[in-house]
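Q: If it helps, the file is called run15.pdb and holds PDB, C-alpha atoms, pLDDT in the B column:
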```pdb
ATOM      1  CA  MET A   1       0.000   0.000   0.000  1.00 52.00           C
ATOM      2  CA  GLU A   2       1.160   3.500  -0.707  1.00 69.00           C
ATOM      3  CA  LYS A   3       2.206   5.807   2.090  1.00 87.00           C
ATOM      4  CA  TYR A   4      -0.120   8.765   2.386  1.00 95.00           C
ATOM      5  CA  ASP A   5       0.615  12.145   3.941  1.00 95.00           C
ATOM      6  CA  ARG A   6      -3.000  13.271   3.974  1.00 97.00           C
ATOM      7  CA  VAL A   7      -6.502  11.826   4.146  1.00 98.00           C
ATOM      8  CA  ILE A   8      -9.454  13.838   2.824  1.00 98.00           C
ATOM      9  CA  PHE A   9     -13.019  12.789   3.589  1.00 98.00           C
ATOM     10  CA  VAL A  10     -15.508  13.881   0.943  1.00 98.00           C
ATOM     11  CA  SER A  11     -19.234  14.245   1.539  1.00 97.00           C
ATOM     12  CA  SER A  12     -21.991  16.061  -0.313  1.00 95.00           C
ATOM     13  CA  ASP A  13     -21.805  19.515   1.262  1.00 95.00           C
ATOM     14  CA  ASP A  14     -19.075  19.184   3.932  1.00 97.00           C
ATOM     15  CA  THR A  15     -21.376  20.028   6.836  1.00 96.00           C
ATOM     16  CA  CYS A  16     -21.922  16.605   8.435  1.00 97.00           C
ATOM     17  CA  LYS A  17     -20.327  13.242   7.569  1.00 97.00           C
ATOM     18  CA  GLY A  18     -17.049  14.613   6.186  1.00 97.00           C
ATOM     19  CA  PRO A  19     -16.374  16.840   9.200  1.00 97.00           C
ATOM     20  CA  MET A  20     -17.382  13.956  11.518  1.00 98.00           C
ATOM     21  CA  ALA A  21     -14.825  11.698   9.830  1.00 98.00           C
ATOM     22  CA  GLU A  22     -12.191  14.429   9.905  1.00 97.00           C
ATOM     23  CA  GLY A  23     -12.793  14.988  13.630  1.00 97.00           C
ATOM     24  CA  VAL A  24     -12.415  11.302  14.465  1.00 98.00           C
ATOM     25  CA  MET A  25      -9.289  10.961  12.320  1.00 97.00           C
ATOM     26  CA  ARG A  26      -7.764  14.090  13.851  1.00 96.00           C
ATOM     27  CA  GLU A  27      -7.966  12.414  17.278  1.00 95.00           C
ATOM     28  CA  LEU A  28      -6.476   9.160  15.962  1.00 96.00           C
ATOM     29  CA  ILE A  29      -3.484  10.681  14.157  1.00 94.00           C
ATOM     30  CA  LYS A  30      -2.050  12.703  17.025  1.00 91.00           C
ATOM     31  CA  GLY A  31       1.692  12.172  16.904  1.00 87.00           C
ATOM     32  CA  LYS A  32       1.596  10.694  13.397  1.00 90.00           C
ATOM     33  CA  GLU A  33       2.920  12.199  10.196  1.00 89.00           C
ATOM     34  CA  LEU A  34      -0.502  12.414   8.624  1.00 94.00           C
ATOM     35  CA  THR A  35      -2.945  15.270   8.182  1.00 96.00           C
ATOM     36  CA  THR A  36      -6.663  15.135   7.593  1.00 97.00           C
ATOM     37  CA  ALA A  37      -9.347  17.340   6.081  1.00 97.00           C
ATOM     38  CA  SER A  38     -12.876  17.212   4.750  1.00 97.00           C
ATOM     39  CA  ARG A  39     -14.369  18.624   1.583  1.00 98.00           C
ATOM     40  CA  GLY A  40     -17.767  18.822  -0.089  1.00 97.00           C
ATOM     41  CA  MET A  41     -18.745  18.029  -3.649  1.00 97.00           C
ATOM     42  CA  VAL A  42     -21.449  20.708  -3.737  1.00 95.00           C
ATOM     43  CA  VAL A  43     -20.393  23.797  -1.807  1.00 94.00           C
ATOM     44  CA  LEU A  44     -21.821  26.942  -3.371  1.00 92.00           C
ATOM     45  CA  PHE A  45     -20.892  29.110  -0.392  1.00 93.00           C
ATOM     46  CA  PRO A  46     -19.324  28.405   3.016  1.00 92.00           C
ATOM     47  CA  GLU A  47     -21.820  26.912   5.465  1.00 95.00           C
ATOM     48  CA  PRO A  48     -21.278  26.053   9.129  1.00 96.00           C
ATOM     49  CA  ILE A  49     -21.228  22.496  10.428  1.00 95.00           C
ATOM     50  CA  ASN A  50     -24.702  21.061  10.946  1.00 96.00           C
ATOM     51  CA  PRO A  51     -25.498  21.714  14.650  1.00 96.00           C
ATOM     52  CA  LYS A  52     -26.838  18.170  15.144  1.00 97.00           C
ATOM     53  CA  ALA A  53     -23.651  16.721  13.659  1.00 97.00           C
ATOM     54  CA  ALA A  54     -21.564  18.860  16.010  1.00 96.00           C
ATOM     55  CA  MET A  55     -23.681  17.858  19.023  1.00 97.00           C
ATOM     56  CA  ALA A  56     -23.468  14.161  18.132  1.00 97.00           C
ATOM     57  CA  ALA A  57     -19.663  14.330  17.822  1.00 97.00           C
ATOM     58  CA  GLU A  58     -19.270  16.353  21.021  1.00 97.00           C
ATOM     59  CA  GLY A  59     -21.297  13.677  22.816  1.00 97.00           C
ATOM     60  CA  PHE A  60     -18.345  11.361  22.137  1.00 97.00           C
ATOM     61  CA  GLY A  61     -15.741  13.970  23.053  1.00 97.00           C
ATOM     62  CA  ILE A  62     -14.855  14.813  19.437  1.00 96.00           C
ATOM     63  CA  PRO A  63     -14.942  18.531  18.655  1.00 93.00           C
ATOM     64  CA  LEU A  64     -15.635  19.433  15.035  1.00 93.00           C
ATOM     65  CA  VAL A  65     -13.172  22.276  14.524  1.00 86.00           C
ATOM     66  CA  HIS A  66     -13.977  22.729  10.854  1.00 80.00           C
ATOM     67  CA  PRO A  67     -15.381  26.317  10.800  1.00 84.00           C
ATOM     68  CA  SER A  68     -17.272  26.073   7.509  1.00 93.00           C
ATOM     69  CA  SER A  69     -17.693  23.921   4.417  1.00 96.00           C
ATOM     70  CA  ILE A  70     -14.908  23.794   1.834  1.00 96.00           C
ATOM     71  CA  PRO A  71     -15.389  22.649  -1.768  1.00 97.00           C
ATOM     72  CA  PHE A  72     -13.398  19.752  -3.194  1.00 97.00           C
ATOM     73  CA  GLN A  73     -10.890  21.006  -5.773  1.00 96.00           C
ATOM     74  CA  GLU A  74      -8.351  19.566  -8.136  1.00 96.00           C
ATOM     75  CA  GLU A  75      -5.574  20.821  -5.833  1.00 96.00           C
ATOM     76  CA  ASP A  76      -6.782  18.256  -3.280  1.00 97.00           C
ATOM     77  CA  LEU A  77      -5.584  15.433  -5.551  1.00 97.00           C
ATOM     78  CA  ASN A  78      -2.050  14.081  -5.544  1.00 95.00           C
ATOM     79  CA  GLU A  79      -0.225  10.781  -5.189  1.00 95.00           C
ATOM     80  CA  ARG A  80       0.339  11.266  -1.437  1.00 96.00           C
ATOM     81  CA  THR A  81      -3.311  12.046  -0.612  1.00 97.00           C
ATOM     82  CA  LEU A  82      -5.952   9.425   0.082  1.00 98.00           C
ATOM     83  CA  VAL A  83      -9.444  10.640  -0.831  1.00 98.00           C
ATOM     84  CA  LEU A  84     -12.305   8.767   0.818  1.00 98.00           C
ATOM     85  CA  THR A  85     -15.844   9.544  -0.286  1.00 98.00           C
ATOM     86  CA  MET A  86     -19.038   8.694   1.553  1.00 98.00           C
ATOM     87  CA  THR A  87     -20.830   7.475  -1.594  1.00 98.00           C
ATOM     88  CA  GLU A  88     -20.075   5.742  -4.864  1.00 98.00           C
ATOM     89  CA  GLN A  89     -21.601   8.704  -6.740  1.00 98.00           C
ATOM     90  CA  GLN A  90     -19.146  11.134  -5.117  1.00 98.00           C
ATOM     91  CA  LYS A  91     -16.241   8.897  -6.124  1.00 98.00           C
ATOM     92  CA  ARG A  92     -17.532   8.680  -9.716  1.00 98.00           C
ATOM     93  CA  SER A  93     -17.993  12.451  -9.840  1.00 97.00           C
ATOM     94  CA  ILE A  94     -14.387  13.045  -8.812  1.00 98.00           C
ATOM     95  CA  TYR A  95     -13.071  10.674 -11.485  1.00 98.00           C
ATOM     96  CA  GLU A  96     -15.355  12.253 -14.088  1.00 97.00           C
ATOM     97  CA  GLN A  97     -14.534  15.867 -13.195  1.00 97.00           C
ATOM     98  CA  TYR A  98     -10.778  15.632 -12.596  1.00 97.00           C
ATOM     99  CA  GLU A  99      -8.320  14.080 -15.025  1.00 94.00           C
ATOM    100  CA  THR A 100      -5.693  13.965 -12.285  1.00 94.00           C
ATOM    101  CA  ALA A 101      -7.882  11.907  -9.927  1.00 97.00           C
ATOM    102  CA  ILE A 102      -5.856   9.281  -8.091  1.00 96.00           C
ATOM    103  CA  ASN A 103      -6.281   7.349  -4.821  1.00 97.00           C
ATOM    104  CA  VAL A 104     -10.028   8.001  -4.631  1.00 98.00           C
ATOM    105  CA  TYR A 105     -12.181   5.322  -2.992  1.00 98.00           C
ATOM    106  CA  THR A 106     -15.435   5.142  -1.109  1.00 98.00           C
ATOM    107  CA  ILE A 107     -14.646   4.675   2.562  1.00 98.00           C
ATOM    108  CA  ASN A 108     -16.279   1.232   2.462  1.00 98.00           C
ATOM    109  CA  GLU A 109     -14.395   0.243  -0.690  1.00 98.00           C
ATOM    110  CA  PHE A 110     -11.065   1.192   0.928  1.00 98.00           C
ATOM    111  CA  LEU A 111     -11.991  -1.213   3.732  1.00 97.00           C
ATOM    112  CA  ASP A 112     -12.849  -3.975   1.228  1.00 96.00           C
ATOM    113  CA  GLY A 113     -16.566  -3.456   1.807  1.00 96.00           C
ATOM    114  CA  GLU A 114     -19.320  -1.890  -0.202  1.00 95.00           C
ATOM    115  CA  GLY A 115     -22.229   0.493   0.142  1.00 96.00           C
ATOM    116  CA  ASP A 116     -22.696   4.162   0.887  1.00 98.00           C
ATOM    117  CA  VAL A 117     -22.643   5.914   4.236  1.00 97.00           C
ATOM    118  CA  GLU A 118     -26.223   7.126   4.560  1.00 94.00           C
ATOM    119  CA  ASP A 119     -26.941  10.789   5.159  1.00 93.00           C
ATOM    120  CA  PRO A 120     -28.810  11.638   8.384  1.00 96.00           C
ATOM    121  CA  ALA A 121     -30.290  14.831   6.869  1.00 93.00           C
ATOM    122  CA  GLY A 122     -33.649  15.672   8.366  1.00 93.00           C
ATOM    123  CA  GLY A 123     -33.286  13.229  11.252  1.00 96.00           C
ATOM    124  CA  ASP A 124     -33.306  13.986  14.933  1.00 97.00           C
ATOM    125  CA  LEU A 125     -30.235  14.041  17.189  1.00 97.00           C
ATOM    126  CA  GLN A 126     -30.456  10.264  17.690  1.00 98.00           C
ATOM    127  CA  VAL A 127     -30.162   9.711  13.924  1.00 98.00           C
ATOM    128  CA  TYR A 128     -27.102  11.990  13.792  1.00 98.00           C
ATOM    129  CA  THR A 129     -25.610  10.169  16.775  1.00 98.00           C
ATOM    130  CA  GLU A 130     -26.080   6.823  15.024  1.00 98.00           C
ATOM    131  CA  CYS A 131     -24.468   8.273  11.896  1.00 98.00           C
ATOM    132  CA  PHE A 132     -21.529   9.512  13.969  1.00 98.00           C
ATOM    133  CA  GLU A 133     -21.097   6.058  15.473  1.00 98.00           C
ATOM    134  CA  ARG A 134     -21.032   4.434  11.987  1.00 98.00           C
ATOM    135  CA  VAL A 135     -18.600   7.026  10.646  1.00 98.00           C
ATOM    136  CA  SER A 136     -16.415   6.649  13.729  1.00 98.00           C
ATOM    137  CA  VAL A 137     -16.133   2.879  13.311  1.00 98.00           C
ATOM    138  CA  LEU A 138     -15.238   3.251   9.632  1.00 98.00           C
ATOM    139  CA  VAL A 139     -12.600   5.916  10.307  1.00 98.00           C
ATOM    140  CA  LYS A 140     -11.032   3.818  13.073  1.00 98.00           C
ATOM    141  CA  LEU A 141     -10.768   0.921  10.622  1.00 98.00           C
ATOM    142  CA  VAL A 142      -9.188   3.224   8.015  1.00 97.00           C
ATOM    143  CA  ALA A 143      -6.645   4.437  10.576  1.00 96.00           C
ATOM    144  CA  GLU A 144      -5.903   0.878  11.638  1.00 95.00           C
ATOM    145  CA  LYS A 145      -5.286  -0.124   8.024  1.00 95.00           C
ATOM    146  CA  LEU A 146      -3.053   2.887   7.374  1.00 94.00           C
ATOM    147  CA  PHE A 147      -1.053   2.483  10.590  1.00 89.00           C
ATOM    148  CA  LEU A 148      -0.601  -1.284  10.147  1.00 82.00           C
ATOM    149  CA  GLU A 149       0.815  -0.716   6.684  1.00 68.00           C
ATOM    150  CA  GLU A 150       3.104   1.990   8.070  1.00 60.00           C
ATOM    151  CA  GLU A 151       4.350  -0.380  10.798  1.00 61.00           C
ATOM    152  CA  LYS A 152       5.013  -3.120   8.230  1.00 57.00           C
ATOM    153  CA  GLU A 153       7.088  -0.694   6.153  1.00 55.00           C
ATOM    154  CA  VAL A 154       9.150   0.307   9.203  1.00 52.00           C
ATOM    155  CA  ARG A 155       9.742  -3.358  10.138  1.00 53.00           C
ATOM    156  CA  ASN A 156      10.769  -4.176   6.567  1.00 52.00           C
ATOM    157  CA  ASP A 157      13.188  -1.235   6.535  1.00 52.00           C
ATOM    158  CA  CYS A 158      14.709  -2.388   9.830  1.00 54.00           C
ATOM    159  CA  ASN A 159      15.064  -5.966   8.578  1.00 55.00           C
ATOM    160  CA  ARG A 160      16.901  -4.771   5.455  1.00 56.00           C
ATOM    161  CA  LYS A 161      19.579  -3.018   7.522  1.00 57.00           C
TER     162      LYS A 161
END
```
Just give me the structure as structure tokens.
A:
Amino acid sequence: MEKYDRVIFVSSDDTCKGPMAEGVMRELIKGKELTTASRGMVVLFPEPINPKAAMAAEGFGIPLVHPSSIPFQEEDLNERTLVLTMTEQQKRSIYEQYETAINVYTINEFLDGEGDVEDPAGGDLQVYTECFERVSVLVKLVAEKLFLEEEKEVRNDCNRK
């Protein structure tokens, strides 16, 4: 597996699932040489984080520090960045819109699974909390996969010496 310097989580408007994923990853990568961000596929103007998404994350001790939505751009793509979308459609859109698209997967696909991460839009706080829990589990599995690969590389380097 390639070594990544950055992980970007892409959702529809960057006000809920992407910032949730970014918040969880930010906690998991403390002390690691990895940065994280979130972006939206449809961001016409900066919007704040959905208050229910923020409350759900804070209920688990994860602050969403992302001040407002940020659109996904071609500059977000490079060989050292892993782009994880919440839906298959978002992944397809990136590959269709950007010739330089590389390392773009749905979060489930990256974990050898399938399916989209459902949007809690319009639900109550409980629905957002359940969404946060699903996103949190997926992000922890992504981090585990990335860190295990990193550890294998370090061990291989040490064995070569």
Q: Can you list, as a count of residues only, the residues that the PyMOL selection byres ((chain A and resi 100-105) around 9) selects here?
A: 24
Q: Do you have the CA of Glu118 (chain A)-CA of Lys3 (chain A) distance handy?
A: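 That distance, rounded to one decimal, is 28.6 Å.
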Q: Record the distance separating CA of Gly122 (chain A) and CA of Asp76 (chain A), expressed in Å with one decimal.
A: 29.4 Å
Q: Give me, as a list in words, all polymer residues having an atom no more than 6 Å from Ile8 (chain A), counting all atoms listed in the file and skipping those fewer than 5 positions away in the same chain.
A: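 Final neighbour list, sorted by chain and number: Thr36, Ala37, Ser38 and Val83 of chain A.
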Q: Hey, can you check how far CA of Thr129 (chain A) sits from CA of Val24 (chain A)?
A: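 Separation between CA of Thr129 (chain A) and CA of Val24 (chain A): 13.4 Å.
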Q: Assuming 6 Å of padding per side, give the centre and edge lengths of the axis-aligned box around every listed atom of region 111-129 of chain A, in Å to one decimal and as JSON.
A:
```
{"center_x": -22.8, "center_y": 5.8, "center_z": 8.7, "size_x": 33.7, "size_y": 31.6, "size_z": 29.9}
```
Q: With the PyMOL selection byres ((chain A and resi 34) around 6) as the selection, what would be picked from this file? Answer as a PDB file with C-alpha atoms, keeping the file's coordinate frame, please.
A:
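Listed below is the output, selection_14.pdb:
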```
ATOM      1  CA  ASP A   5       0.615  12.145   3.941  1.00 95.00           C
ATOM      2  CA  ARG A   6      -3.000  13.271   3.974  1.00 97.00           C
ATOM      3  CA  LYS A  32       1.596  10.694  13.397  1.00 90.00           C
ATOM      4  CA  GLU A  33       2.920  12.199  10.196  1.00 89.00           C
ATOM      5  CA  THR A  35      -2.945  15.270   8.182  1.00 96.00           C
TER       6      THR A  35
END
```
Q: Assuming the chain letters and numbering stay as they are in my file, what does the PyMOL selection byres ((chain A and resi 59) around 12) actually select? List them as a count of residues only.
A: 20
